[in-house]
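Below is one structure, written out as structure tokens; comments come after it.
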Amino acid sequence: MTELTTAQLQENLAAVHARIEAAESAAGREAGSVQLLPVTKFHDVAVIRALAENGVRLVGENREQEARAKAEALTADGVDCGIVMIGQIQSKKANAVARWAAEVHSLDSVKLANGLDRGMALALERGDRVSDRLPCLIQVSADGDTSRGGVSLTELAALVDATEQATHLVLDGLMVVPPLDADPAAVFAEVREHTDRLAAQLGRRLRFSAGMSGDFELAIAHGSDVVRVGTAVCGPRPVG
């Protein structure tokens with residue numbers, strides 16, 4: 001590893017896990033109920049290898065081309081760590097994402113759901129995947145501005161239906177990134193309510209993903225099950 005030492009990475013992981021455990025306790029939640037998803041965008045694949053050596057089995061990436069290259073390198077090295085797509089996905093990239101993604105946490109349109117489902121079928125036909133199911137979290141746009149990613153709440157039901165009807169997609173929950181001018185606590189609470197309502201409707205447990213390095217304790221207090229943490233785990237992103 002060239003960006004930070006293995007010892008530093010271990011220290012960062014331990015510190016973030018301690019903060020998560022403290023937030024769980026403060027919120028009266030069960031210990032271990034919140035999943036840490038380290039975000040490794042712009043970091044060398046060696047960081048992911050080191051995370052895997054320390055028990056991490058999933059990391060988050062934002063850009064398809066970078067994520068694909070890392071997934072291929074990890075597979076070639078036999079590293080047991082999957083990559084979750086957490087960034088916006090162009091519909092034309094759906095086939096590519098379906099080849100390597102362990103999960104998708106940024107599903108935001110019926111068109112993308114259909115594209116990922118077709119991409120999964122093609123990847124399976126070509127032998128590019130072992131698993132025939134792709135767990136997906138629907139990204140919700142809290143303010144309805146879908147240009148930043150996310151589906152508006154008025155269109156959420158149609159996307160839920162499309163995902164449920166897909167052959168190879170599994171609707172696993174909701175994700176949200178609060179708009180910069182919003183009250184994050186209110187956004188977290190609202191989308192947690194939508195997650196629980198949808199879970200009751202579908203008759204199964206669903207996950208809620210919210211919170212990053214700067215606000216994940218607040219997100220945990222308002223029901224987040226998955227926190228996406230980059231800098232606090234992996235250090236500052238490399239420059240240049």
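Letters A, B, ... mark the chains of the structure tokens in the order given; residue numbers begin at 1 per chain; ligand numbers begin at 1, in order shown.
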Range 77-84 of chain A: which residues within 6 Å, counting only C-alpha atoms, same-chain residues fewer than 5 positions away excluded, as a list of chain:residue names?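 My reading of the contact set: A:Ala52, A:Arg57, A:Leu58, A:Val59, A:Gly60, A:Ala101, A:Ala102, A:Glu103, A:Val104.
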If we count only C-alpha atoms, what is near Val151 in chain A at a cut-off of 12 Å, once residues fewer than 5 positions away on the same chain are taken out, given as a JSON list (two decimals) with C-alpha atoms, in the first residue's frame?
```json
[["chain", "number", "residue", "atom", "x", "y", "z"],
["A", 88, "GLN", "CA", -25.19, 7.45, -10.43],
["A", 106, "SER", "CA", -28.13, 3.88, -6.51],
["A", 107, "LEU", "CA", -31.05, 2.44, -8.49],
["A", 108, "ASP", "CA", -33.13, 5.47, -9.46],
["A", 109, "SER", "CA", -35.29, 4.78, -12.51],
["A", 110, "VAL", "CA", -37.44, 2.13, -14.14],
["A", 111, "LYS", "CA", -35.24, 2.39, -17.24],
["A", 112, "LEU", "CA", -32.15, 1.61, -15.17],
["A", 113, "ALA", "CA", -33.90, -1.29, -13.41],
["A", 137, "LEU", "CA", -31.20, -0.24, -2.91],
["A", 138, "ILE", "CA", -33.38, 2.43, -4.49],
["A", 139, "GLN", "CA", -31.89, 5.90, -4.10],
["A", 140, "VAL", "CA", -34.54, 8.41, -3.07],
["A", 141, "SER", "CA", -34.35, 12.10, -3.99],
["A", 142, "ALA", "CA", -35.49, 13.89, -0.85],
["A", 143, "ASP", "CA", -36.24, 17.17, -2.65],
["A", 144, "GLY", "CA", -37.35, 15.77, -6.00],
["A", 145, "ASP", "CA", -34.32, 17.12, -7.87],
["A", 146, "THR", "CA", -33.36, 13.94, -9.69],
["A", 156, "LEU", "CA", -41.02, 5.54, -6.01],
["A", 157, "ALA", "CA", -43.94, 3.10, -6.22],
["A", 158, "ALA", "CA", -43.46, 2.54, -9.97],
["A", 159, "LEU", "CA", -39.76, 1.82, -9.45],
["A", 160, "VAL", "CA", -40.52, -0.56, -6.59],
["A", 174, "LEU", "CA", -33.72, 2.51, 0.21],
["A", 175, "MET", "CA", -30.79, 4.91, 0.18],
["A", 176, "VAL", "CA", -30.67, 8.70, 0.53],
["A", 177, "VAL", "CA", -28.13, 11.51, 0.41]]
```
Which one of A:His194, A:Leu124, A:Leu13, A:Glu30 sits closest to Thr154 in chain A if you count only C-alpha atoms?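 Smallest separation from Thr154 in chain A among the options: A:His194.
For range 121-164 of chain A, a DSSP pass over the backbone yields alpha helix (DSSP H) at Ala121, Leu122, Ala123, Leu124, Glu125, Arg126, Leu156, Ala157, Ala158, Leu159, Val160, Asp161, Ala162, Thr163 and Glu164 of chain A.
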As a PyMOL selection string, please: the residues near Thr5 in chain A (cut-off 12 Å, only C-alpha atoms, same-chain neighbours under 6 positions excluded). chain A and resi 11-12+46-47+50-51+233-235
Have a look at CA of Arg133 in chain A and CA of Val170 in chain A and let me know their distance in Å, one decimal.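 Separation of CA of Arg133 in chain A and CA of Val170 in chain A: 6.5 Å.
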At what distance in Å, to one decimal, does CA of Val229 in chain A lie from CA of Gly115 in chain A?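 CA of Val229 in chain A lies 28.1 Å from CA of Gly115 in chain A.
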Hey, what's within 10 Å of Met212 in chain A if we count only C-alpha atoms and toss same-chain stuff fewer than 6 positions away? As a list in words, please? Leu36, Leu37, Pro38, Val39, Val177, Leu218, Ala219, Val226, Val227, Arg228, Val229, Gly230, Thr231 and Ala232 of chain A
Writer output for current selection, all heavy atoms, as a short mmCIF file (atom, residue, chain, number, x, y, z; two decimals), in the first residue's frame:
```cif
data_model
loop_
_atom_site.label_atom_id
_atom_site.label_comp_id
_atom_site.auth_asym_id
_atom_site.auth_seq_id
_atom_site.Cartn_x
_atom_site.Cartn_y
_atom_site.Cartn_z
N LEU A 36 -20.90 -1.15 8.13
CA LEU A 36 -19.97 -0.16 7.59
C LEU A 36 -19.64 -0.54 6.15
O LEU A 36 -19.19 -1.66 5.89
CB LEU A 36 -18.69 -0.13 8.42
CG LEU A 36 -17.50 0.64 7.81
CD1 LEU A 36 -17.85 2.11 7.64
CD2 LEU A 36 -16.25 0.46 8.67
N LEU A 37 -19.85 0.41 5.23
CA LEU A 37 -19.46 0.22 3.84
C LEU A 37 -18.34 1.21 3.53
O LEU A 37 -18.61 2.39 3.26
CB LEU A 37 -20.65 0.45 2.89
CG LEU A 37 -20.37 0.25 1.40
CD1 LEU A 37 -20.05 -1.22 1.10
CD2 LEU A 37 -21.55 0.72 0.55
N PRO A 38 -17.08 0.78 3.58
CA PRO A 38 -15.99 1.69 3.24
C PRO A 38 -16.08 2.12 1.78
O PRO A 38 -16.37 1.31 0.90
CB PRO A 38 -14.73 0.85 3.49
CG PRO A 38 -15.16 -0.24 4.42
CD PRO A 38 -16.57 -0.54 4.01
N VAL A 39 -15.85 3.41 1.53
CA VAL A 39 -15.89 3.94 0.17
C VAL A 39 -14.46 4.15 -0.30
O VAL A 39 -13.70 4.89 0.31
CB VAL A 39 -16.69 5.25 0.11
CG1 VAL A 39 -16.68 5.83 -1.31
CG2 VAL A 39 -18.12 5.01 0.57
N VAL A 177 -29.16 10.52 0.11
CA VAL A 177 -28.13 11.51 0.41
C VAL A 177 -28.86 12.84 0.60
O VAL A 177 -29.44 13.35 -0.36
CB VAL A 177 -27.09 11.64 -0.73
CG1 VAL A 177 -26.05 12.70 -0.38
CG2 VAL A 177 -26.42 10.30 -0.99
N LEU A 218 -25.46 10.73 13.19
CA LEU A 218 -26.82 11.27 13.11
C LEU A 218 -27.72 10.33 12.32
O LEU A 218 -28.88 10.11 12.68
CB LEU A 218 -26.77 12.66 12.45
CG LEU A 218 -28.11 13.39 12.31
CD1 LEU A 218 -28.67 13.75 13.68
CD2 LEU A 218 -27.93 14.66 11.47
N ALA A 219 -27.19 9.78 11.24
CA ALA A 219 -27.97 8.85 10.43
C ALA A 219 -28.33 7.59 11.22
O ALA A 219 -29.45 7.09 11.13
CB ALA A 219 -27.19 8.47 9.16
N VAL A 226 -26.94 1.06 7.03
CA VAL A 226 -25.68 1.01 6.27
C VAL A 226 -25.12 2.42 6.20
O VAL A 226 -25.81 3.35 5.76
CB VAL A 226 -25.89 0.49 4.83
CG1 VAL A 226 -24.56 0.38 4.10
CG2 VAL A 226 -26.61 -0.85 4.83
N VAL A 227 -23.86 2.59 6.64
CA VAL A 227 -23.22 3.90 6.53
C VAL A 227 -22.05 3.82 5.57
O VAL A 227 -21.29 2.85 5.57
CB VAL A 227 -22.76 4.42 7.91
CG1 VAL A 227 -23.97 4.70 8.80
CG2 VAL A 227 -21.82 3.46 8.61
N ARG A 228 -21.92 4.82 4.71
CA ARG A 228 -20.90 4.85 3.67
C ARG A 228 -19.79 5.80 4.11
O ARG A 228 -19.98 7.01 4.14
CB ARG A 228 -21.51 5.32 2.34
CG ARG A 228 -22.75 4.52 1.93
CD ARG A 228 -23.35 5.04 0.63
NE ARG A 228 -23.74 6.44 0.70
CZ ARG A 228 -24.87 6.89 1.24
NH1 ARG A 228 -25.73 6.04 1.78
NH2 ARG A 228 -25.14 8.18 1.26
N VAL A 229 -18.65 5.25 4.45
CA VAL A 229 -17.58 6.06 5.04
C VAL A 229 -16.31 5.92 4.22
O VAL A 229 -15.79 4.81 4.06
CB VAL A 229 -17.32 5.64 6.50
CG1 VAL A 229 -16.25 6.53 7.12
CG2 VAL A 229 -18.61 5.72 7.33
N GLY A 230 -15.83 7.04 3.69
CA GLY A 230 -14.63 7.04 2.88
C GLY A 230 -13.42 7.55 3.61
O GLY A 230 -12.56 6.79 4.06
N THR A 231 -13.33 8.87 3.78
CA THR A 231 -12.14 9.50 4.34
C THR A 231 -11.79 8.99 5.73
O THR A 231 -10.62 8.75 6.02
CB THR A 231 -12.35 11.03 4.40
OG1 THR A 231 -12.63 11.51 3.07
CG2 THR A 231 -11.11 11.72 4.91
N ALA A 232 -12.78 8.80 6.58
CA ALA A 232 -12.49 8.37 7.95
C ALA A 232 -11.87 6.97 8.00
O ALA A 232 -11.19 6.63 8.97
CB ALA A 232 -13.76 8.40 8.80
#
```
Could you list, as a PyMOL selection string, every residue within 7 Å of Leu171 in chain A, counting only C-alpha atoms and ignoring same-chain residues fewer than 6 positions away? chain A and resi 135-137+163-164
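Between CA of His168 in chain A and CA of Asp117 in chain A there is a distance of 5.6 Å.
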For the structure I just gave you, how does DSSP split range 82-175 of chain A - specifically, which residues are strand (DSSP E)? Reply as number ranges by chain. A: 82-85, 103-107, 134-141, 151-152, 169-175
Determine the nearest neighbour of Ala71 in chain A from the options A:Asp172, A:Glu24, A:Glu190, A:Asp128, counting only C-alpha atoms.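 Once distances to Ala71 in chain A are computed over only C-alpha atoms, the minimum belongs to A:Asp128.
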Find, counting only C-alpha atoms, the residue in A:Lys70, A:Leu180, A:Thr40, A:Gly223 that gets nearest to Val56 in chain A.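 The closest residue to Val56 in chain A is A:Thr40.
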Of the candidates A:Ala210, A:Val45, A:Leu134, A:Ala199, which shows the shortest atom-to-atom distance to Ala166 in chain A, using only C-alpha atoms?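 Comparing A:Ala210, A:Val45, A:Leu134, A:Ala199 against Ala166 in chain A, the winner is A:Leu134.
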